[in-house]
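Colleague: Below is the structure I would like to discuss, written out as structure tokens.
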Amino acid sequence: MILEVDPETMMVEIKRYVAVEDCGTVINPLILEGQIHGGISMGIGNAYYEKLHFDENGQLLNASLADYLIVTSYEMPLRLEVGHWETPAPSNDLGSKGVGEAGAIPVPALFAAAVQNALQDYDFEVLETPLSPNRLYELLRDSKARKNEGRV
């Protein structure tokens with residue numbers, strides 16, 4: 001993942017995303033592509049927006065889709081580069097395996113590492129996701145405060 005972070009707004013734009021998946025024998029390439037794209041979309045949501053917010057009494061504050069942010073086509077990369085590695089599964093006659101997990105599971109860690117790399121001049125460490133623009137701004141603000149206090 002290659003991305004850019006606007007230092008003023010902390011908005012993230014994914015410039016390039018490459019994924020390789022081993023689903024065993026490819027049976028239907030169109031369904032395969034859709035599964036991978038959907039997995040990546042879910043992973044970006046987990047990395048960038050999707051967080052449950054609770055008040056001090058444990059009441060969920062974003063229980064509806066009006067309040068719970070999800071990824072839209074705007075946050076998705078313009079083009080996803082997908083490669084296929086075919087290692088047929090020995091456990092079934094078709095040689096097929098599951099698909100889509102590689103798009104969803106590693107994305108938060110990948111996203112955090114890419115954001116860390118993009119903001120390396122700001123001297124703070126990314127240790128969490130999701131990394132919404134608001135949360136990135138808070139991390140940057142806290143890092144600057146620690147630096148000004150001489151704790152970094």
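Letters A, B, ... go to the chains of the structure tokens in the order shown; residues in each chain start at 1; ligands are counted from 1 in the same order.
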For segment 86-94 of chain A, please output as a PyMOL selection string all residues within 12 Å (counting only C-alpha atoms; exclusion window: fewer than 6 positions along the same chain).
Modeller: chain A and resi 20-27
Colleague: Write out the residues from the selection above, keeping C-alpha atoms, as a PDB file, in the first residue's frame.
Modeller:
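What follows is the written file part33.pdb:
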```pdb
ATOM      1  CA  VAL A  20      -1.745 -11.370  -4.046  1.00  0.00           C
ATOM      2  CA  GLU A  21      -4.022 -14.195  -2.989  1.00  0.00           C
ATOM      3  CA  ASP A  22      -3.675 -17.970  -3.168  1.00  0.00           C
ATOM      4  CA  CYS A  23      -7.184 -19.361  -3.498  1.00  0.00           C
ATOM      5  CA  GLY A  24      -6.018 -22.624  -4.994  1.00  0.00           C
ATOM      6  CA  THR A  25      -7.495 -23.415  -8.381  1.00  0.00           C
ATOM      7  CA  VAL A  26      -9.300 -20.381  -9.815  1.00  0.00           C
ATOM      8  CA  ILE A  27     -12.804 -21.467 -10.784  1.00  0.00           C
TER       9      ILE A  27
END
```
Colleague: Name the residues in contact with segment 54-58 of chain A at a cut-off of 12 Å, using only C-alpha atoms, excluding same-chain residues fewer than 4 positions from it; report them as an MDAnalysis selection string.
Modeller: chainID A and resid 62:63 68
Colleague: Looking only at the backbone, which of the residues in segment 20-97 of chain A does DSSP tag as strand (DSSP E), as a list of chain:residue names?
Modeller: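 So, restricting segment 20-97 of chain A to strand (DSSP E), we get A:Val20, A:Glu21, A:Leu80, A:Glu81, A:Val82, A:Gly83, A:His84.
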Colleague: For Tyr74 of chain A, work out the shell of residues within 12 Å, counting only C-alpha atoms and skipping chain neighbours fewer than 3 positions away, then give it as a PDB file with C-alpha atoms, in the first residue's frame.
Modeller:
```pdb
ATOM      1  CA  MET A  11      -7.030  12.902   5.130  1.00  0.00           C
ATOM      2  CA  VAL A  12      -5.513   9.757   3.656  1.00  0.00           C
ATOM      3  CA  GLU A  13      -5.488   8.908  -0.033  1.00  0.00           C
ATOM      4  CA  ILE A  14      -4.424   5.425  -1.069  1.00  0.00           C
ATOM      5  CA  SER A  41     -12.789  -2.680   1.229  1.00  0.00           C
ATOM      6  CA  ILE A  44      -9.735  -0.393   4.732  1.00  0.00           C
ATOM      7  CA  GLY A  45     -12.893   0.217   6.758  1.00  0.00           C
ATOM      8  CA  ILE A  70     -18.003   2.926   6.598  1.00  0.00           C
ATOM      9  CA  VAL A  71     -15.832   2.937   3.517  1.00  0.00           C
ATOM     10  CA  PRO A  77      -8.034   3.198  -4.367  1.00  0.00           C
ATOM     11  CA  LEU A  78      -8.867   4.009  -7.981  1.00  0.00           C
ATOM     12  CA  ARG A  79      -7.345   0.725  -9.082  1.00  0.00           C
TER      13      ARG A  79
END
```
Colleague: Nearest residue to Pro108 of chain A out of A:Asn46, A:Ser96, A:Gln35, A:Ser64, using only C-alpha atoms?
Modeller: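 Among the listed residues, A:Asn46 lies closest to Pro108 of chain A.
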Colleague: Name the residues in contact with Val5 of chain A at a cut-off of 12 Å, using only C-alpha atoms, excluding same-chain residues fewer than 6 positions from it; report them as a list of chain:residue names.
Modeller: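 Using only C-alpha atoms, the neighbours found are A:Met11, A:Val12, A:Glu13, A:Ile14, A:Lys15, A:Phe111, A:Ala112, A:Ala114, A:Val115, A:Gln116, A:Asn117, A:Ala118, A:Leu119, A:Gln120, A:Asp121, A:Tyr122, A:Leu131, A:Ser132, A:Pro133, A:Leu136, A:Tyr137.
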Colleague: Using the selection just defined, write its residues with N, CA and C atoms as a PDB file, in the first residue's frame.
Modeller:
```pdb
ATOM      1  N   MET A  11      -6.295  13.794   6.029  1.00  0.00           N
ATOM      2  CA  MET A  11      -7.030  12.902   5.130  1.00  0.00           C
ATOM      3  C   MET A  11      -6.028  12.014   4.408  1.00  0.00           C
ATOM      4  N   VAL A  12      -6.386  10.746   4.273  1.00  0.00           N
ATOM      5  CA  VAL A  12      -5.513   9.757   3.656  1.00  0.00           C
ATOM      6  C   VAL A  12      -6.043   9.420   2.272  1.00  0.00           C
ATOM      7  N   GLU A  13      -5.129   9.353   1.310  1.00  0.00           N
ATOM      8  CA  GLU A  13      -5.488   8.908  -0.033  1.00  0.00           C
ATOM      9  C   GLU A  13      -4.583   7.744  -0.406  1.00  0.00           C
ATOM     10  N   ILE A  14      -5.188   6.604  -0.671  1.00  0.00           N
ATOM     11  CA  ILE A  14      -4.424   5.425  -1.069  1.00  0.00           C
ATOM     12  C   ILE A  14      -4.107   5.558  -2.546  1.00  0.00           C
ATOM     13  N   LYS A  15      -2.832   5.630  -2.870  1.00  0.00           N
ATOM     14  CA  LYS A  15      -2.389   5.823  -4.241  1.00  0.00           C
ATOM     15  C   LYS A  15      -2.212   4.503  -4.989  1.00  0.00           C
ATOM     16  N   PHE A 111      -2.020  -0.633   6.688  1.00  0.00           N
ATOM     17  CA  PHE A 111      -2.431   0.772   6.685  1.00  0.00           C
ATOM     18  C   PHE A 111      -1.638   1.564   7.732  1.00  0.00           C
ATOM     19  N   ALA A 112      -1.530   1.019   8.937  1.00  0.00           N
ATOM     20  CA  ALA A 112      -0.781   1.699  10.001  1.00  0.00           C
ATOM     21  C   ALA A 112       0.679   1.893   9.604  1.00  0.00           C
ATOM     22  N   ALA A 114       1.909   2.053   6.541  1.00  0.00           N
ATOM     23  CA  ALA A 114       1.983   3.033   5.453  1.00  0.00           C
ATOM     24  C   ALA A 114       1.787   4.458   5.971  1.00  0.00           C
ATOM     25  N   VAL A 115       0.866   4.634   6.920  1.00  0.00           N
ATOM     26  CA  VAL A 115       0.663   5.957   7.522  1.00  0.00           C
ATOM     27  C   VAL A 115       1.910   6.369   8.293  1.00  0.00           C
ATOM     28  N   GLN A 116       2.478   5.448   9.054  1.00  0.00           N
ATOM     29  CA  GLN A 116       3.713   5.722   9.801  1.00  0.00           C
ATOM     30  C   GLN A 116       4.813   6.177   8.839  1.00  0.00           C
ATOM     31  N   ASN A 117       4.930   5.484   7.733  1.00  0.00           N
ATOM     32  CA  ASN A 117       5.940   5.835   6.742  1.00  0.00           C
ATOM     33  C   ASN A 117       5.659   7.206   6.133  1.00  0.00           C
ATOM     34  N   ALA A 118       4.399   7.487   5.812  1.00  0.00           N
ATOM     35  CA  ALA A 118       4.039   8.766   5.208  1.00  0.00           C
ATOM     36  C   ALA A 118       4.267   9.939   6.159  1.00  0.00           C
ATOM     37  N   LEU A 119       4.146   9.693   7.456  1.00  0.00           N
ATOM     38  CA  LEU A 119       4.290  10.769   8.457  1.00  0.00           C
ATOM     39  C   LEU A 119       5.592  10.660   9.244  1.00  0.00           C
ATOM     40  N   GLN A 120       6.616  10.058   8.661  1.00  0.00           N
ATOM     41  CA  GLN A 120       7.861   9.832   9.396  1.00  0.00           C
ATOM     42  C   GLN A 120       8.521  11.122   9.865  1.00  0.00           C
ATOM     43  N   ASP A 121       8.283  12.244   9.196  1.00  0.00           N
ATOM     44  CA  ASP A 121       8.887  13.520   9.616  1.00  0.00           C
ATOM     45  C   ASP A 121       8.256  14.080  10.885  1.00  0.00           C
ATOM     46  N   TYR A 122       7.115  13.518  11.308  1.00  0.00           N
ATOM     47  CA  TYR A 122       6.402  14.053  12.464  1.00  0.00           C
ATOM     48  C   TYR A 122       6.758  13.368  13.764  1.00  0.00           C
ATOM     49  N   LEU A 131      -7.414   4.508  12.174  1.00  0.00           N
ATOM     50  CA  LEU A 131      -6.689   5.775  12.135  1.00  0.00           C
ATOM     51  C   LEU A 131      -7.479   6.790  11.318  1.00  0.00           C
ATOM     52  N   SER A 132      -8.568   7.251  11.873  1.00  0.00           N
ATOM     53  CA  SER A 132      -9.365   8.276  11.202  1.00  0.00           C
ATOM     54  C   SER A 132      -8.549   9.564  11.137  1.00  0.00           C
ATOM     55  N   PRO A 133      -8.927  10.489  10.268  1.00  0.00           N
ATOM     56  CA  PRO A 133      -8.218  11.770  10.246  1.00  0.00           C
ATOM     57  C   PRO A 133      -8.206  12.447  11.614  1.00  0.00           C
ATOM     58  N   LEU A 136      -5.606  10.664  13.782  1.00  0.00           N
ATOM     59  CA  LEU A 136      -4.251  11.025  13.350  1.00  0.00           C
ATOM     60  C   LEU A 136      -3.883  12.418  13.847  1.00  0.00           C
ATOM     61  N   TYR A 137      -4.825  13.343  13.769  1.00  0.00           N
ATOM     62  CA  TYR A 137      -4.578  14.690  14.282  1.00  0.00           C
ATOM     63  C   TYR A 137      -4.282  14.650  15.782  1.00  0.00           C
TER      64      TYR A 137
END
```
Colleague: Mind the document's chain letters and residue numbers, and return as a PDB file with N, CA, C and O atoms, in the first residue's frame the residues of chain A that DSSP labels alpha helix (DSSP H).
Modeller:
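Writing done, so here's result-v2.pdb:
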```pdb
ATOM      1  N   PRO A  29     -12.950 -16.366 -12.315  1.00  0.00           N
ATOM      2  CA  PRO A  29     -12.115 -15.182 -12.107  1.00  0.00           C
ATOM      3  C   PRO A  29     -12.887 -13.933 -11.692  1.00  0.00           C
ATOM      4  O   PRO A  29     -12.388 -13.144 -10.894  1.00  0.00           O
ATOM      5  N   LEU A  30     -14.108 -13.732 -12.213  1.00  0.00           N
ATOM      6  CA  LEU A  30     -14.877 -12.533 -11.851  1.00  0.00           C
ATOM      7  C   LEU A  30     -15.301 -12.557 -10.390  1.00  0.00           C
ATOM      8  O   LEU A  30     -15.220 -11.548  -9.686  1.00  0.00           O
ATOM      9  N   ILE A  31     -15.781 -13.694  -9.932  1.00  0.00           N
ATOM     10  CA  ILE A  31     -16.152 -13.817  -8.521  1.00  0.00           C
ATOM     11  C   ILE A  31     -14.909 -13.673  -7.641  1.00  0.00           C
ATOM     12  O   ILE A  31     -14.953 -13.018  -6.593  1.00  0.00           O
ATOM     13  N   LEU A  32     -13.815 -14.238  -8.073  1.00  0.00           N
ATOM     14  CA  LEU A  32     -12.556 -14.124  -7.333  1.00  0.00           C
ATOM     15  C   LEU A  32     -12.157 -12.665  -7.149  1.00  0.00           C
ATOM     16  O   LEU A  32     -11.851 -12.233  -6.033  1.00  0.00           O
ATOM     17  N   GLU A  33     -12.178 -11.900  -8.227  1.00  0.00           N
ATOM     18  CA  GLU A  33     -11.827 -10.470  -8.145  1.00  0.00           C
ATOM     19  C   GLU A  33     -12.766  -9.733  -7.201  1.00  0.00           C
ATOM     20  O   GLU A  33     -12.331  -8.919  -6.390  1.00  0.00           O
ATOM     21  N   GLY A  34     -14.063 -10.012  -7.300  1.00  0.00           N
ATOM     22  CA  GLY A  34     -15.035  -9.361  -6.426  1.00  0.00           C
ATOM     23  C   GLY A  34     -14.806  -9.674  -4.957  1.00  0.00           C
ATOM     24  O   GLY A  34     -14.914  -8.794  -4.099  1.00  0.00           O
ATOM     25  N   GLN A  35     -14.486 -10.924  -4.655  1.00  0.00           N
ATOM     26  CA  GLN A  35     -14.207 -11.320  -3.272  1.00  0.00           C
ATOM     27  C   GLN A  35     -12.973 -10.586  -2.731  1.00  0.00           C
ATOM     28  O   GLN A  35     -12.972 -10.119  -1.589  1.00  0.00           O
ATOM     29  N   ILE A  36     -11.952 -10.492  -3.536  1.00  0.00           N
ATOM     30  CA  ILE A  36     -10.724  -9.815  -3.104  1.00  0.00           C
ATOM     31  C   ILE A  36     -10.980  -8.323  -2.921  1.00  0.00           C
ATOM     32  O   ILE A  36     -10.582  -7.734  -1.915  1.00  0.00           O
ATOM     33  N   HIS A  37     -11.669  -7.696  -3.877  1.00  0.00           N
ATOM     34  CA  HIS A  37     -11.975  -6.267  -3.753  1.00  0.00           C
ATOM     35  C   HIS A  37     -12.832  -6.006  -2.513  1.00  0.00           C
ATOM     36  O   HIS A  37     -12.607  -5.034  -1.787  1.00  0.00           O
ATOM     37  N   GLY A  38     -13.819  -6.872  -2.264  1.00  0.00           N
ATOM     38  CA  GLY A  38     -14.664  -6.720  -1.079  1.00  0.00           C
ATOM     39  C   GLY A  38     -13.875  -6.881   0.207  1.00  0.00           C
ATOM     40  O   GLY A  38     -14.080  -6.136   1.168  1.00  0.00           O
ATOM     41  N   GLY A  39     -12.957  -7.830   0.228  1.00  0.00           N
ATOM     42  CA  GLY A  39     -12.111  -8.015   1.406  1.00  0.00           C
ATOM     43  C   GLY A  39     -11.243  -6.801   1.667  1.00  0.00           C
ATOM     44  O   GLY A  39     -11.085  -6.358   2.808  1.00  0.00           O
ATOM     45  N   ILE A  40     -10.670  -6.243   0.617  1.00  0.00           N
ATOM     46  CA  ILE A  40      -9.838  -5.041   0.766  1.00  0.00           C
ATOM     47  C   ILE A  40     -10.680  -3.880   1.275  1.00  0.00           C
ATOM     48  O   ILE A  40     -10.249  -3.130   2.165  1.00  0.00           O
ATOM     49  N   SER A  41     -11.893  -3.733   0.756  1.00  0.00           N
ATOM     50  CA  SER A  41     -12.789  -2.680   1.229  1.00  0.00           C
ATOM     51  C   SER A  41     -13.070  -2.834   2.729  1.00  0.00           C
ATOM     52  O   SER A  41     -13.031  -1.854   3.486  1.00  0.00           O
ATOM     53  N   MET A  42     -13.349  -4.058   3.146  1.00  0.00           N
ATOM     54  CA  MET A  42     -13.591  -4.308   4.577  1.00  0.00           C
ATOM     55  C   MET A  42     -12.344  -3.984   5.400  1.00  0.00           C
ATOM     56  O   MET A  42     -12.434  -3.392   6.476  1.00  0.00           O
ATOM     57  N   GLY A  43     -11.186  -4.358   4.896  1.00  0.00           N
ATOM     58  CA  GLY A  43      -9.939  -4.077   5.614  1.00  0.00           C
ATOM     59  C   GLY A  43      -9.670  -2.594   5.740  1.00  0.00           C
ATOM     60  O   GLY A  43      -9.243  -2.109   6.791  1.00  0.00           O
ATOM     61  N   ILE A  44      -9.931  -1.846   4.674  1.00  0.00           N
ATOM     62  CA  ILE A  44      -9.735  -0.393   4.732  1.00  0.00           C
ATOM     63  C   ILE A  44     -10.708   0.221   5.731  1.00  0.00           C
ATOM     64  O   ILE A  44     -10.340   1.119   6.498  1.00  0.00           O
ATOM     65  N   GLY A  45     -11.931  -0.266   5.762  1.00  0.00           N
ATOM     66  CA  GLY A  45     -12.893   0.217   6.758  1.00  0.00           C
ATOM     67  C   GLY A  45     -12.396  -0.024   8.171  1.00  0.00           C
ATOM     68  O   GLY A  45     -12.465   0.857   9.031  1.00  0.00           O
ATOM     69  N   ASN A  46     -11.887  -1.221   8.422  1.00  0.00           N
ATOM     70  CA  ASN A  46     -11.350  -1.530   9.756  1.00  0.00           C
ATOM     71  C   ASN A  46     -10.145  -0.662  10.086  1.00  0.00           C
ATOM     72  O   ASN A  46      -9.925  -0.301  11.238  1.00  0.00           O
ATOM     73  N   ALA A  47      -9.357  -0.333   9.091  1.00  0.00           N
ATOM     74  CA  ALA A  47      -8.134   0.429   9.325  1.00  0.00           C
ATOM     75  C   ALA A  47      -8.378   1.926   9.472  1.00  0.00           C
ATOM     76  O   ALA A  47      -7.631   2.618  10.167  1.00  0.00           O
ATOM     77  N   TYR A  48      -9.416   2.421   8.830  1.00  0.00           N
ATOM     78  CA  TYR A  48      -9.575   3.864   8.703  1.00  0.00           C
ATOM     79  C   TYR A  48     -10.749   4.444   9.486  1.00  0.00           C
ATOM     80  O   TYR A  48     -10.656   5.532  10.030  1.00  0.00           O
ATOM     81  N   GLU A 101      -9.845 -13.370   2.409  1.00  0.00           N
ATOM     82  CA  GLU A 101      -9.259 -13.101   3.720  1.00  0.00           C
ATOM     83  C   GLU A 101      -7.996 -12.245   3.614  1.00  0.00           C
ATOM     84  O   GLU A 101      -7.746 -11.377   4.438  1.00  0.00           O
ATOM     85  N   ALA A 102      -7.196 -12.492   2.585  1.00  0.00           N
ATOM     86  CA  ALA A 102      -5.952 -11.721   2.431  1.00  0.00           C
ATOM     87  C   ALA A 102      -6.244 -10.249   2.152  1.00  0.00           C
ATOM     88  O   ALA A 102      -5.400  -9.394   2.389  1.00  0.00           O
ATOM     89  N   GLY A 103      -7.441  -9.968   1.663  1.00  0.00           N
ATOM     90  CA  GLY A 103      -7.824  -8.580   1.467  1.00  0.00           C
ATOM     91  C   GLY A 103      -8.256  -7.905   2.747  1.00  0.00           C
ATOM     92  O   GLY A 103      -8.084  -6.705   2.916  1.00  0.00           O
ATOM     93  N   ALA A 104      -8.825  -8.659   3.673  1.00  0.00           N
ATOM     94  CA  ALA A 104      -9.400  -8.071   4.884  1.00  0.00           C
ATOM     95  C   ALA A 104      -8.456  -8.099   6.077  1.00  0.00           C
ATOM     96  O   ALA A 104      -8.320  -7.110   6.790  1.00  0.00           O
ATOM     97  N   VAL A 107      -4.954  -5.680   6.332  1.00  0.00           N
ATOM     98  CA  VAL A 107      -5.030  -4.275   5.949  1.00  0.00           C
ATOM     99  C   VAL A 107      -4.809  -3.307   7.109  1.00  0.00           C
ATOM    100  O   VAL A 107      -4.082  -2.322   6.942  1.00  0.00           O
ATOM    101  N   PRO A 108      -5.379  -3.498   8.300  1.00  0.00           N
ATOM    102  CA  PRO A 108      -5.108  -2.526   9.364  1.00  0.00           C
ATOM    103  C   PRO A 108      -3.614  -2.373   9.688  1.00  0.00           C
ATOM    104  O   PRO A 108      -3.119  -1.246   9.830  1.00  0.00           O
ATOM    105  N   ALA A 109      -2.885  -3.473   9.766  1.00  0.00           N
ATOM    106  CA  ALA A 109      -1.441  -3.374  10.037  1.00  0.00           C
ATOM    107  C   ALA A 109      -0.716  -2.725   8.861  1.00  0.00           C
ATOM    108  O   ALA A 109       0.181  -1.895   9.052  1.00  0.00           O
ATOM    109  N   LEU A 110      -1.106  -3.098   7.666  1.00  0.00           N
ATOM    110  CA  LEU A 110      -0.511  -2.514   6.462  1.00  0.00           C
ATOM    111  C   LEU A 110      -0.791  -1.018   6.402  1.00  0.00           C
ATOM    112  O   LEU A 110       0.099  -0.207   6.114  1.00  0.00           O
ATOM    113  N   PHE A 111      -2.020  -0.633   6.688  1.00  0.00           N
ATOM    114  CA  PHE A 111      -2.431   0.772   6.685  1.00  0.00           C
ATOM    115  C   PHE A 111      -1.638   1.564   7.732  1.00  0.00           C
ATOM    116  O   PHE A 111      -1.114   2.643   7.443  1.00  0.00           O
ATOM    117  N   ALA A 112      -1.530   1.019   8.937  1.00  0.00           N
ATOM    118  CA  ALA A 112      -0.781   1.699  10.001  1.00  0.00           C
ATOM    119  C   ALA A 112       0.679   1.893   9.604  1.00  0.00           C
ATOM    120  O   ALA A 112       1.256   2.967   9.831  1.00  0.00           O
ATOM    121  N   ALA A 113       1.292   0.876   9.020  1.00  0.00           N
ATOM    122  CA  ALA A 113       2.692   0.984   8.593  1.00  0.00           C
ATOM    123  C   ALA A 113       2.847   2.017   7.483  1.00  0.00           C
ATOM    124  O   ALA A 113       3.809   2.809   7.487  1.00  0.00           O
ATOM    125  N   ALA A 114       1.909   2.053   6.541  1.00  0.00           N
ATOM    126  CA  ALA A 114       1.983   3.033   5.453  1.00  0.00           C
ATOM    127  C   ALA A 114       1.787   4.458   5.971  1.00  0.00           C
ATOM    128  O   ALA A 114       2.476   5.382   5.536  1.00  0.00           O
ATOM    129  N   VAL A 115       0.866   4.634   6.920  1.00  0.00           N
ATOM    130  CA  VAL A 115       0.663   5.957   7.522  1.00  0.00           C
ATOM    131  C   VAL A 115       1.910   6.369   8.293  1.00  0.00           C
ATOM    132  O   VAL A 115       2.375   7.511   8.192  1.00  0.00           O
ATOM    133  N   GLN A 116       2.478   5.448   9.054  1.00  0.00           N
ATOM    134  CA  GLN A 116       3.713   5.722   9.801  1.00  0.00           C
ATOM    135  C   GLN A 116       4.813   6.177   8.839  1.00  0.00           C
ATOM    136  O   GLN A 116       5.517   7.147   9.108  1.00  0.00           O
ATOM    137  N   ASN A 117       4.930   5.484   7.733  1.00  0.00           N
ATOM    138  CA  ASN A 117       5.940   5.835   6.742  1.00  0.00           C
ATOM    139  C   ASN A 117       5.659   7.206   6.133  1.00  0.00           C
ATOM    140  O   ASN A 117       6.576   8.009   5.955  1.00  0.00           O
ATOM    141  N   ALA A 118       4.399   7.487   5.812  1.00  0.00           N
ATOM    142  CA  ALA A 118       4.039   8.766   5.208  1.00  0.00           C
ATOM    143  C   ALA A 118       4.267   9.939   6.159  1.00  0.00           C
ATOM    144  O   ALA A 118       4.560  11.049   5.711  1.00  0.00           O
ATOM    145  N   PRO A 133      -8.927  10.489  10.268  1.00  0.00           N
ATOM    146  CA  PRO A 133      -8.218  11.770  10.246  1.00  0.00           C
ATOM    147  C   PRO A 133      -8.206  12.447  11.614  1.00  0.00           C
ATOM    148  O   PRO A 133      -7.193  13.018  12.024  1.00  0.00           O
ATOM    149  N   ASN A 134      -9.308  12.355  12.351  1.00  0.00           N
ATOM    150  CA  ASN A 134      -9.361  12.951  13.686  1.00  0.00           C
ATOM    151  C   ASN A 134      -8.353  12.297  14.632  1.00  0.00           C
ATOM    152  O   ASN A 134      -7.651  12.975  15.380  1.00  0.00           O
ATOM    153  N   ARG A 135      -8.265  10.974  14.590  1.00  0.00           N
ATOM    154  CA  ARG A 135      -7.328  10.264  15.464  1.00  0.00           C
ATOM    155  C   ARG A 135      -5.887  10.562  15.076  1.00  0.00           C
ATOM    156  O   ARG A 135      -5.036  10.723  15.947  1.00  0.00           O
ATOM    157  N   LEU A 136      -5.606  10.664  13.782  1.00  0.00           N
ATOM    158  CA  LEU A 136      -4.251  11.025  13.350  1.00  0.00           C
ATOM    159  C   LEU A 136      -3.883  12.418  13.847  1.00  0.00           C
ATOM    160  O   LEU A 136      -2.761  12.649  14.304  1.00  0.00           O
ATOM    161  N   TYR A 137      -4.825  13.343  13.769  1.00  0.00           N
ATOM    162  CA  TYR A 137      -4.578  14.690  14.282  1.00  0.00           C
ATOM    163  C   TYR A 137      -4.282  14.650  15.782  1.00  0.00           C
ATOM    164  O   TYR A 137      -3.363  15.312  16.261  1.00  0.00           O
ATOM    165  N   GLU A 138      -5.042  13.869  16.543  1.00  0.00           N
ATOM    166  CA  GLU A 138      -4.805  13.747  17.985  1.00  0.00           C
ATOM    167  C   GLU A 138      -3.425  13.165  18.277  1.00  0.00           C
ATOM    168  O   GLU A 138      -2.727  13.633  19.173  1.00  0.00           O
ATOM    169  N   LEU A 139      -3.025  12.133  17.545  1.00  0.00           N
ATOM    170  CA  LEU A 139      -1.701  11.530  17.744  1.00  0.00           C
ATOM    171  C   LEU A 139      -0.597  12.532  17.450  1.00  0.00           C
ATOM    172  O   LEU A 139       0.393  12.614  18.191  1.00  0.00           O
ATOM    173  N   LEU A 140      -0.756  13.291  16.388  1.00  0.00           N
ATOM    174  CA  LEU A 140       0.240  14.305  16.041  1.00  0.00           C
ATOM    175  C   LEU A 140       0.295  15.397  17.099  1.00  0.00           C
ATOM    176  O   LEU A 140       1.381  15.802  17.535  1.00  0.00           O
ATOM    177  N   ARG A 141      -0.860  15.859  17.555  1.00  0.00           N
ATOM    178  CA  ARG A 141      -0.924  16.888  18.594  1.00  0.00           C
ATOM    179  C   ARG A 141      -0.259  16.416  19.884  1.00  0.00           C
ATOM    180  O   ARG A 141       0.538  17.126  20.495  1.00  0.00           O
ATOM    181  N   ASP A 142      -0.552  15.168  20.293  1.00  0.00           N
ATOM    182  CA  ASP A 142       0.039  14.623  21.514  1.00  0.00           C
ATOM    183  C   ASP A 142       1.543  14.454  21.387  1.00  0.00           C
ATOM    184  O   ASP A 142       2.288  14.687  22.338  1.00  0.00           O
ATOM    185  N   SER A 143       2.003  14.070  20.207  1.00  0.00           N
ATOM    186  CA  SER A 143       3.441  13.920  19.977  1.00  0.00           C
ATOM    187  C   SER A 143       4.149  15.264  20.087  1.00  0.00           C
ATOM    188  O   SER A 143       5.214  15.375  20.702  1.00  0.00           O
ATOM    189  N   LYS A 144       3.543  16.296  19.505  1.00  0.00           N
ATOM    190  CA  LYS A 144       4.123  17.642  19.596  1.00  0.00           C
ATOM    191  C   LYS A 144       4.156  18.124  21.038  1.00  0.00           C
ATOM    192  O   LYS A 144       5.126  18.736  21.474  1.00  0.00           O
ATOM    193  N   ALA A 145       3.106  17.838  21.805  1.00  0.00           N
ATOM    194  CA  ALA A 145       3.058  18.254  23.216  1.00  0.00           C
ATOM    195  C   ALA A 145       4.152  17.562  24.020  1.00  0.00           C
ATOM    196  O   ALA A 145       4.830  18.194  24.833  1.00  0.00           O
ATOM    197  N   ARG A 146       4.345  16.261  23.808  1.00  0.00           N
ATOM    198  CA  ARG A 146       5.408  15.539  24.506  1.00  0.00           C
ATOM    199  C   ARG A 146       6.777  16.083  24.141  1.00  0.00           C
ATOM    200  O   ARG A 146       7.649  16.228  24.994  1.00  0.00           O
ATOM    201  N   LYS A 147       6.950  16.412  22.885  1.00  0.00           N
ATOM    202  CA  LYS A 147       8.232  16.944  22.418  1.00  0.00           C
ATOM    203  C   LYS A 147       8.491  18.304  23.067  1.00  0.00           C
ATOM    204  O   LYS A 147       9.600  18.595  23.504  1.00  0.00           O
ATOM    205  N   ASN A 148       7.450  19.154  23.145  1.00  0.00           N
ATOM    206  CA  ASN A 148       7.599  20.465  23.765  1.00  0.00           C
ATOM    207  C   ASN A 148       7.875  20.368  25.260  1.00  0.00           C
ATOM    208  O   ASN A 148       8.508  21.247  25.839  1.00  0.00           O
TER     209      ASN A 148
END
```
